[in-house]
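Reproduced below: start_13.cif, with mmCIF, C-alpha atoms.
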```cif
data_run
loop_
_atom_site.label_atom_id
_atom_site.label_comp_id
_atom_site.auth_asym_id
_atom_site.auth_seq_id
_atom_site.Cartn_x
_atom_site.Cartn_y
_atom_site.Cartn_z
CA MET L 75 16.73 -7.62 -27.23
CA GLY L 76 17.32 -4.17 -25.78
CA HIS L 77 16.76 -3.03 -22.22
CA LYS L 78 13.19 -3.31 -20.89
CA ALA L 79 11.47 -0.96 -18.45
CA GLY L 80 7.89 -0.21 -17.52
CA PHE L 81 5.29 0.77 -14.95
CA VAL L 82 3.22 -2.08 -13.51
CA SER L 83 0.18 -0.99 -11.49
CA ILE L 84 -1.30 -3.29 -8.85
CA ILE L 85 -4.99 -2.46 -8.36
CA GLY L 86 -8.04 -3.96 -6.69
CA LYS L 87 -10.43 -3.63 -3.78
CA PRO L 88 -9.29 -3.16 -0.17
CA ASN L 89 -7.91 -6.28 1.52
CA ALA L 90 -7.41 -8.24 -1.71
CA GLY L 91 -3.71 -8.64 -0.88
CA LYS L 92 -2.15 -5.96 -3.11
CA SER L 93 0.44 -4.84 -0.57
CA THR L 94 1.41 -8.42 0.31
CA LEU L 95 1.89 -9.11 -3.41
CA MET L 96 3.91 -5.91 -3.94
CA ASN L 97 6.25 -6.81 -1.06
CA ALA L 98 6.66 -10.36 -2.40
CA LEU L 99 7.46 -9.10 -5.93
CA VAL L 100 9.86 -6.39 -4.80
CA GLY L 101 11.47 -8.48 -2.06
CA GLU L 102 11.32 -5.56 0.38
CA LYS L 103 8.69 -4.56 2.96
CA MET L 104 7.49 -1.37 1.29
CA SER L 105 3.76 -1.41 1.99
CA ILE L 106 1.77 -1.74 5.21
CA ILE L 107 0.25 -5.17 5.70
CA THR L 108 -2.47 -5.59 8.33
CA PRO L 109 -5.70 -7.61 8.44
CA LYS L 110 -7.68 -4.36 8.20
CA ALA L 111 -8.95 -2.97 4.90
CA GLN L 112 -7.83 0.36 3.42
CA THR L 113 -4.35 0.28 4.92
CA THR L 114 -2.65 1.72 1.82
CA ARG L 115 -3.35 5.43 1.41
CA HIS L 116 -0.58 6.51 -0.94
CA ARG L 117 0.62 5.18 -4.25
CA ILE L 118 3.98 3.58 -3.43
CA LEU L 119 6.55 2.64 -6.04
CA GLY L 120 8.71 -0.44 -5.55
CA ILE L 121 11.47 -0.79 -8.14
CA VAL L 122 13.06 -4.06 -9.23
CA ASN L 123 16.35 -3.67 -11.09
CA ASP L 124 18.26 -6.11 -13.26
CA GLU L 125 20.95 -5.67 -15.87
CA ASP L 126 18.37 -6.15 -18.65
CA TYR L 127 15.24 -4.62 -17.14
CA GLN L 128 13.67 -2.28 -14.60
CA ILE L 129 10.16 -2.90 -13.23
CA VAL L 130 8.43 -0.02 -11.47
CA PHE L 131 5.66 -1.64 -9.43
CA SER L 132 2.95 0.65 -8.10
CA ASP L 133 0.97 -0.39 -5.00
CA THR L 134 -2.25 1.63 -4.91
CA PRO L 135 -5.03 2.30 -2.37
CA GLY L 136 -7.93 -0.15 -2.48
CA ILE L 137 -10.75 1.03 -4.75
CA ILE L 138 -13.70 2.32 -2.71
CA LYS L 139 -16.64 4.72 -3.00
CA PRO L 140 -15.28 7.97 -1.49
CA HIS L 141 -16.83 9.30 1.73
CA TYR L 142 -14.22 11.97 2.50
CA GLU L 143 -11.98 14.29 0.54
CA LEU L 144 -9.17 11.96 1.67
CA HIS L 145 -10.84 9.08 -0.20
CA GLU L 146 -11.20 11.28 -3.30
CA ARG L 147 -7.45 11.96 -3.23
CA MET L 148 -6.72 8.25 -2.79
CA MET L 149 -8.88 7.36 -5.81
CA HIS L 150 -7.10 10.01 -7.92
CA GLN L 151 -3.87 8.15 -7.16
CA VAL L 152 -5.42 4.90 -8.43
CA GLU L 153 -6.61 6.61 -11.61
CA GLY L 154 -3.15 8.11 -12.15
CA SER L 155 -1.49 4.72 -11.80
CA ILE L 156 -3.86 3.21 -14.41
CA VAL L 157 -3.09 6.03 -16.86
CA ASP L 158 0.68 5.54 -16.36
CA ALA L 159 0.61 1.74 -16.56
CA ASP L 160 2.38 -0.34 -19.18
CA LEU L 161 0.80 -3.38 -17.54
CA ILE L 162 -2.00 -3.73 -14.95
CA LEU L 163 -2.22 -6.47 -12.33
CA LEU L 164 -5.80 -6.72 -11.07
CA VAL L 165 -5.75 -8.45 -7.69
CA THR L 166 -8.99 -10.09 -6.64
CA ASP L 167 -9.35 -12.88 -4.12
CA ILE L 168 -11.12 -16.14 -3.59
CA TYR L 169 -13.78 -14.49 -1.39
CA GLU L 170 -14.79 -11.96 -4.06
CA GLU L 171 -18.54 -12.14 -4.65
CA TYR L 172 -18.71 -10.87 -8.25
CA ASP L 173 -19.18 -7.27 -7.11
CA GLU L 174 -16.05 -5.69 -8.58
CA GLU L 175 -17.96 -3.05 -10.58
CA ASP L 176 -16.12 -0.13 -8.91
CA VAL L 177 -12.83 -1.68 -9.98
CA LEU L 178 -13.97 -2.46 -13.52
CA LYS L 179 -15.23 1.11 -13.93
CA LYS L 180 -11.74 2.41 -13.15
CA LEU L 181 -10.31 0.17 -15.88
CA GLU L 182 -12.61 1.55 -18.59
CA GLY L 183 -10.62 3.30 -21.28
CA SER L 184 -7.28 1.74 -20.30
CA SER L 185 -5.40 0.17 -23.18
CA ALA L 186 -2.69 -1.40 -20.99
CA PRO L 187 -2.46 -5.21 -21.05
CA LEU L 188 -4.37 -6.69 -18.10
CA CYS L 189 -3.47 -9.67 -15.93
CA VAL L 190 -5.93 -10.97 -13.31
CA LEU L 191 -4.51 -12.47 -10.11
CA ILE L 192 -6.86 -14.58 -8.00
CA ASN L 193 -5.30 -14.37 -4.55
CA LYS L 194 -5.60 -16.36 -1.30
CA ILE L 195 -6.02 -19.73 -3.04
CA ASP L 196 -4.33 -21.33 -0.01
CA GLN L 197 -7.65 -20.70 1.75
CA SER L 198 -9.76 -22.37 -0.95
CA ASP L 199 -10.34 -25.55 -2.97
CA GLU L 200 -9.58 -26.45 -6.58
CA GLU L 201 -13.21 -26.31 -7.74
CA THR L 202 -13.73 -22.75 -6.43
CA VAL L 203 -10.48 -21.60 -8.05
CA LYS L 204 -11.52 -23.07 -11.43
CA THR L 205 -14.91 -21.31 -11.19
CA LYS L 206 -13.18 -17.98 -10.49
CA ILE L 207 -10.80 -18.43 -13.42
CA ALA L 208 -13.70 -19.19 -15.79
CA TYR L 209 -15.59 -16.12 -14.53
CA TRP L 210 -12.70 -13.71 -15.12
CA GLU L 211 -11.90 -15.25 -18.53
CA GLU L 212 -15.44 -14.50 -19.65
CA LYS L 213 -15.75 -11.13 -17.88
CA LEU L 214 -12.50 -9.47 -18.97
CA ASN L 215 -10.67 -11.79 -21.39
CA PRO L 216 -7.37 -10.66 -19.84
CA LYS L 217 -3.94 -11.38 -21.28
CA ALA L 218 -3.34 -13.86 -18.43
CA ILE L 219 -4.89 -15.18 -15.22
CA PHE L 220 -2.87 -16.54 -12.31
CA ALA L 221 -4.18 -18.28 -9.20
CA ILE L 222 -1.80 -17.18 -6.45
CA SER L 223 -1.15 -16.95 -2.74
CA ALA L 224 0.82 -13.74 -2.20
CA LEU L 225 1.25 -14.58 1.49
CA LYS L 226 2.72 -18.04 0.78
CA GLU L 227 4.42 -16.73 -2.41
CA HIS L 228 2.70 -19.44 -4.46
CA ASN L 229 2.91 -18.62 -8.19
CA VAL L 230 4.51 -15.19 -7.46
CA LEU L 231 7.56 -16.16 -9.55
CA ALA L 232 5.27 -17.01 -12.48
CA VAL L 233 3.68 -13.55 -12.18
CA MET L 234 7.14 -11.97 -12.11
CA ASN L 235 8.20 -13.86 -15.25
CA PHE L 236 4.99 -12.78 -17.00
CA VAL L 237 5.68 -9.14 -16.09
CA ILE L 238 9.26 -9.31 -17.42
CA GLU L 239 8.08 -10.91 -20.68
CA ASN L 240 5.49 -8.16 -21.21
CA LEU L 241 7.62 -5.11 -20.40
CA PRO L 242 8.20 -2.72 -23.30
CA GLU L 243 11.71 -1.95 -24.50
CA HIS L 244 12.77 1.27 -22.81
CA PRO L 245 15.75 2.72 -20.93
CA ALA L 246 15.56 2.66 -17.13
CA TYR L 247 13.33 5.36 -15.63
CA TYR L 248 15.29 5.51 -12.35
CA ASP L 249 18.91 4.99 -11.34
CA LYS L 250 19.57 1.28 -10.96
CA ASP L 251 20.36 1.54 -7.24
CA VAL L 252 16.96 3.14 -6.44
CA LEU L 253 14.40 0.85 -4.76
CA THR L 254 11.49 3.27 -4.27
CA ASP L 255 10.35 6.85 -4.84
CA ARG L 256 9.66 7.27 -1.12
CA ASN L 257 12.10 8.60 1.49
CA ASP L 258 12.95 7.29 4.96
CA ARG L 259 10.56 9.76 6.64
CA PHE L 260 7.69 8.23 4.70
CA PHE L 261 8.56 4.69 5.77
CA ALA L 262 8.97 5.80 9.40
CA SER L 263 5.47 7.32 9.34
CA GLU L 264 4.03 4.19 7.70
CA MET L 265 5.53 1.97 10.41
CA ILE L 266 3.82 4.04 13.09
CA ARG L 267 0.56 3.97 11.12
CA ALA L 268 0.84 0.19 10.79
CA GLN L 269 0.93 -0.07 14.59
CA LEU L 270 -2.11 2.19 14.88
CA MET L 271 -3.89 -0.22 12.54
CA LYS L 272 -2.83 -3.22 14.63
CA GLN L 273 -3.37 -1.85 18.14
CA TYR L 274 -6.71 0.01 17.82
CA LYS L 275 -10.18 -1.04 16.69
CA LYS L 276 -13.08 0.38 14.70
CA GLU L 277 -12.75 3.91 13.35
CA ILE L 278 -9.69 5.03 15.36
CA PRO L 279 -6.92 3.96 12.90
CA TYR L 280 -8.82 5.44 9.95
CA SER L 281 -9.09 8.81 11.71
CA CYS L 282 -5.31 8.99 12.21
CA GLU L 283 -2.52 10.44 10.12
CA VAL L 284 1.16 10.30 11.04
CA ILE L 285 3.56 13.14 10.28
CA VAL L 286 7.29 12.78 10.93
CA THR L 287 8.34 16.21 12.23
CA ALA L 288 12.04 15.46 12.74
CA PHE L 289 14.37 12.80 11.32
CA VAL L 290 18.00 13.16 12.36
CA GLU L 291 20.26 10.47 10.94
CA GLY L 292 23.24 9.38 12.98
CA GLU L 293 25.98 6.87 12.31
CA LYS L 294 24.63 4.53 14.99
CA LEU L 295 21.32 6.14 16.02
CA HIS L 296 18.41 7.80 14.19
CA ARG L 297 16.40 10.34 16.23
CA ILE L 298 12.80 10.51 15.00
CA SER L 299 9.88 12.65 16.21
CA ALA L 300 6.35 12.13 14.94
CA GLU L 301 2.87 13.57 15.41
CA ILE L 302 -0.19 11.34 15.33
CA ILE L 303 -3.05 13.47 14.00
CA VAL L 304 -6.61 12.65 15.12
CA GLU L 305 -9.95 14.37 14.59
CA ARG L 306 -11.38 14.55 18.15
CA ASP L 307 -10.22 14.87 21.75
CA SER L 308 -11.91 11.56 22.58
CA GLN L 309 -9.73 9.85 19.94
CA LYS L 310 -6.64 11.50 21.40
CA ASN L 311 -7.48 10.02 24.81
CA ILE L 312 -7.90 6.54 23.31
CA ILE L 313 -4.62 6.77 21.38
CA ILE L 314 -2.70 7.82 24.50
CA GLY L 315 -4.46 5.37 26.83
CA GLU L 316 -4.47 5.38 30.60
CA GLY L 317 -1.18 6.76 31.86
CA GLY L 318 0.16 6.81 28.28
CA ARG L 319 0.14 3.00 28.11
CA MET L 320 -1.28 2.57 24.60
CA LEU L 321 0.93 5.23 23.02
CA LYS L 322 3.95 3.54 24.60
CA ILE L 323 2.95 0.19 23.04
CA VAL L 324 2.62 1.81 19.59
CA GLY L 325 5.98 3.52 19.98
CA THR L 326 7.78 0.38 21.16
CA TYR L 327 6.60 -1.80 18.28
CA ALA L 328 7.10 0.96 15.67
CA ARG L 329 10.63 1.58 16.94
CA LYS L 330 11.46 -2.15 16.61
CA ASP L 331 10.13 -2.14 13.03
CA MET L 332 12.23 0.93 12.24
CA GLU L 333 15.38 -0.61 13.68
CA ASP L 334 14.83 -3.70 11.47
CA PHE L 335 14.16 -1.50 8.43
CA PHE L 336 16.95 1.07 8.88
CA GLN L 337 19.43 -1.36 10.46
CA LYS L 338 20.20 1.32 13.08
CA LYS L 339 19.19 2.01 16.65
CA VAL L 340 16.21 4.41 16.78
CA PHE L 341 15.17 6.93 19.40
CA LEU L 342 11.46 7.61 18.73
CA GLU L 343 9.19 10.15 20.37
CA THR L 344 5.51 10.49 19.50
CA PHE L 345 2.93 13.19 20.21
CA VAL L 346 -0.82 13.27 19.57
CA LYS L 347 -2.45 16.33 18.02
CA VAL L 348 -6.13 17.09 17.29
CA ILE L 349 -7.10 18.62 13.93
CA PRO L 350 -10.92 18.49 13.62
CA ASP L 351 -12.16 16.82 10.39
CA TRP L 352 -8.70 16.79 8.78
CA ARG L 353 -9.87 14.06 6.34
CA SER L 354 -12.21 16.59 4.69
CA LYS L 355 -9.92 19.65 4.65
CA LYS L 356 -8.07 20.17 1.37
CA ASN L 357 -5.32 22.37 2.86
CA TYR L 358 -4.36 19.72 5.44
CA LEU L 359 -4.59 16.88 2.93
CA LYS L 360 -2.19 18.74 0.64
CA LYS L 361 0.14 19.40 3.57
CA PHE L 362 0.05 15.69 4.47
CA GLY L 363 1.08 14.68 0.94
CA TYR L 364 -2.28 13.83 -0.65
CA GLU L 365 -1.89 15.74 -3.89
#
```
For the file at hand, write its structure as structure tokens.
Amino acid sequence: MGHKAGFVSIIGKPNAGKSTLMNALVGEKMSIITPKAQTTRHRILGIVNDEDYQIVFSDTPGIIKPHYELHERMMHQVEGSIVDADLILLVTDIYEEYDEEDVLKKLEGSSAPLCVLINKIDQSDEETVKTKIAYWEEKLNPKAIFAISALKEHNVLAVMNFVIENLPEHPAYYDKDVLTDRNDRFFASEMIRAQLMKQYKKEIPYSCEVIVTAFVEGEKLHRISAEIIVERDSQKNIIIGEGGRMLKIVGTYARKDMEDFFQKKVFLETFVKVIPDWRSKKNYLKKFGYE
């Protein structure tokens, strides 16, 4: 057998557990995980290297009906990952109510082998799991179905072995010491965005974008500056909080996450900036990396 390499796209609806699965498969915290839906906005590659293979996992935004230009851009990333895929992992979960039509529509025309993963089985019973398996067998007749718990890493190794078995023979696409296509600035911005998701309610986190404006690496200390973009002055006031209290909480937790991730001390400063309706403005979306 020669060297194997391929692109494996993880797709599904928001909150199905795609990012948790990606992190479990890659063994690195690459994707935001919060209880809120729609936390992944960008397609993120996580690369697993071995002497005999290279797996390029692709975590994608949850499939939704677009309401903003931002959503349109996110769905283009999903479509691109399906076109590129050598193998597709469709993540659904035990709470799914047989309304995955938006997801199935995206899969139309794809010739890549499909594997269905029924997630969150740790929150269910055996009878429900069997019913779900039978449904997906009949609906899609996929190459394989796995009942998993990405959070508890139940059956994740079996999924990994299935992926390796079904990779095509191909030279490595990336250098073997590369773990992702994203740079440190990106991960810094995602760690701040994760805290916005955790600390604020309702629409606020979804109206925010985070731009790292300065990233100065030092031997012992990284100096990072970031702008939190919001759409209205009222949102800016909520983000900052009385006397700057809320912004300080976000910064403190994000800085701790960064220090764990970069294994360096971090000096972090954050600012809040208003750009009205940025989610609908193509020039800003392009500037913010939503190609």
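If only C-alpha atoms are the atoms counted, then among L:Val237, L:Ala224, L:Leu321, L:Cys189 the closest residue to L:Ile207 is L:Cys189.
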Next item on the list: Run the PyMOL selection byres ((chain L and resi 236) around 12) mentally over the shown coordinates, then write out the matched residues as a ChimeraX atom specification, using the chain letters and numbers from the document.
Entry: /L:82,99,129,161-163,187-191,217-220,229-235,237-241
Against stretch 253-269 of chain L, which residues of stretch 116-202 of chain L fall within 10 Å? For each one I want the closest pair of atoms and the distance in Å (one decimal), counting only C-alpha atoms, rows by chain and increasing residue number, as CSV.
```
residue,atom,partner,partner_atom,distance
L:Arg117,CA,L:Arg256,CA,9.8
L:Ile118,CA,L:Arg256,CA,7.2
L:Leu119,CA,L:Thr254,CA,5.3
L:Gly120,CA,L:Thr254,CA,4.8
L:Ile121,CA,L:Leu253,CA,4.8
L:Val122,CA,L:Leu253,CA,6.8
L:Asn123,CA,L:Leu253,CA,8.0
L:Val130,CA,L:Thr254,CA,8.5
L:Phe131,CA,L:Thr254,CA,9.2
L:Ser132,CA,L:Thr254,CA,9.7
```
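Across L:Asp133, L:His244, L:Ile138, L:Val284, the tightest approach to L:Leu359 is made by L:Val284 when counting only C-alpha atoms.
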Check: Which residues match the PyMOL selection byres ((chain L and resi 306-317) around 7) in the file above, as a PyMOL selection string?
Finding: chain L and resi 278+304-305+318-321+346+348+350
Go ahead and write the residues just picked, C-alpha atoms, as a PDB file, keeping the file's coordinate frame.
```
ATOM      1  CA  ILE L 278      -9.690   5.030  15.360  1.00  0.00           C
ATOM      2  CA  VAL L 304      -6.610  12.650  15.120  1.00  0.00           C
ATOM      3  CA  GLU L 305      -9.950  14.370  14.590  1.00  0.00           C
ATOM      4  CA  GLY L 318       0.160   6.810  28.280  1.00  0.00           C
ATOM      5  CA  ARG L 319       0.140   3.000  28.110  1.00  0.00           C
ATOM      6  CA  MET L 320      -1.280   2.570  24.600  1.00  0.00           C
ATOM      7  CA  LEU L 321       0.930   5.230  23.020  1.00  0.00           C
ATOM      8  CA  VAL L 346      -0.820  13.270  19.570  1.00  0.00           C
ATOM      9  CA  VAL L 348      -6.130  17.090  17.290  1.00  0.00           C
ATOM     10  CA  PRO L 350     -10.920  18.490  13.620  1.00  0.00           C
TER      11      PRO L 350
END
```
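Relative to atom CA of L:Gly91, atom CA of L:Asp334 is found at 22.8 Å.
Considering the residues L:Ile85, L:Phe345, L:Val324, L:Arg329 and counting all atoms listed in the file, L:Thr287 has its shortest atom-to-atom contact with L:Phe345.
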Notebook entry, point to check: Interatomic distance between atom CA of L:Gln128 and atom CA of L:Glu291?
Noted result: 29.3 Å
Checklist line | Protein, DNA and RNA residues within 10 Å of (1.2, -18.0, -0.9), only C-alpha atoms, as an MDAnalysis selection string | finding: chainID L and resid 94:95 98 193:197 221:230
Next item on the list: Using atom CA of L:Glu125 and atom CA of L:Ile84 as the two end points, give the distance in Å to one decimal.
Entry: 23.5 Å
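The shortest atom-to-atom distance to L:Glu146, with all atoms listed in the file taken into account, belongs to L:Ser354 out of L:Val203, L:Glu301, L:Lys361, L:Ser354.
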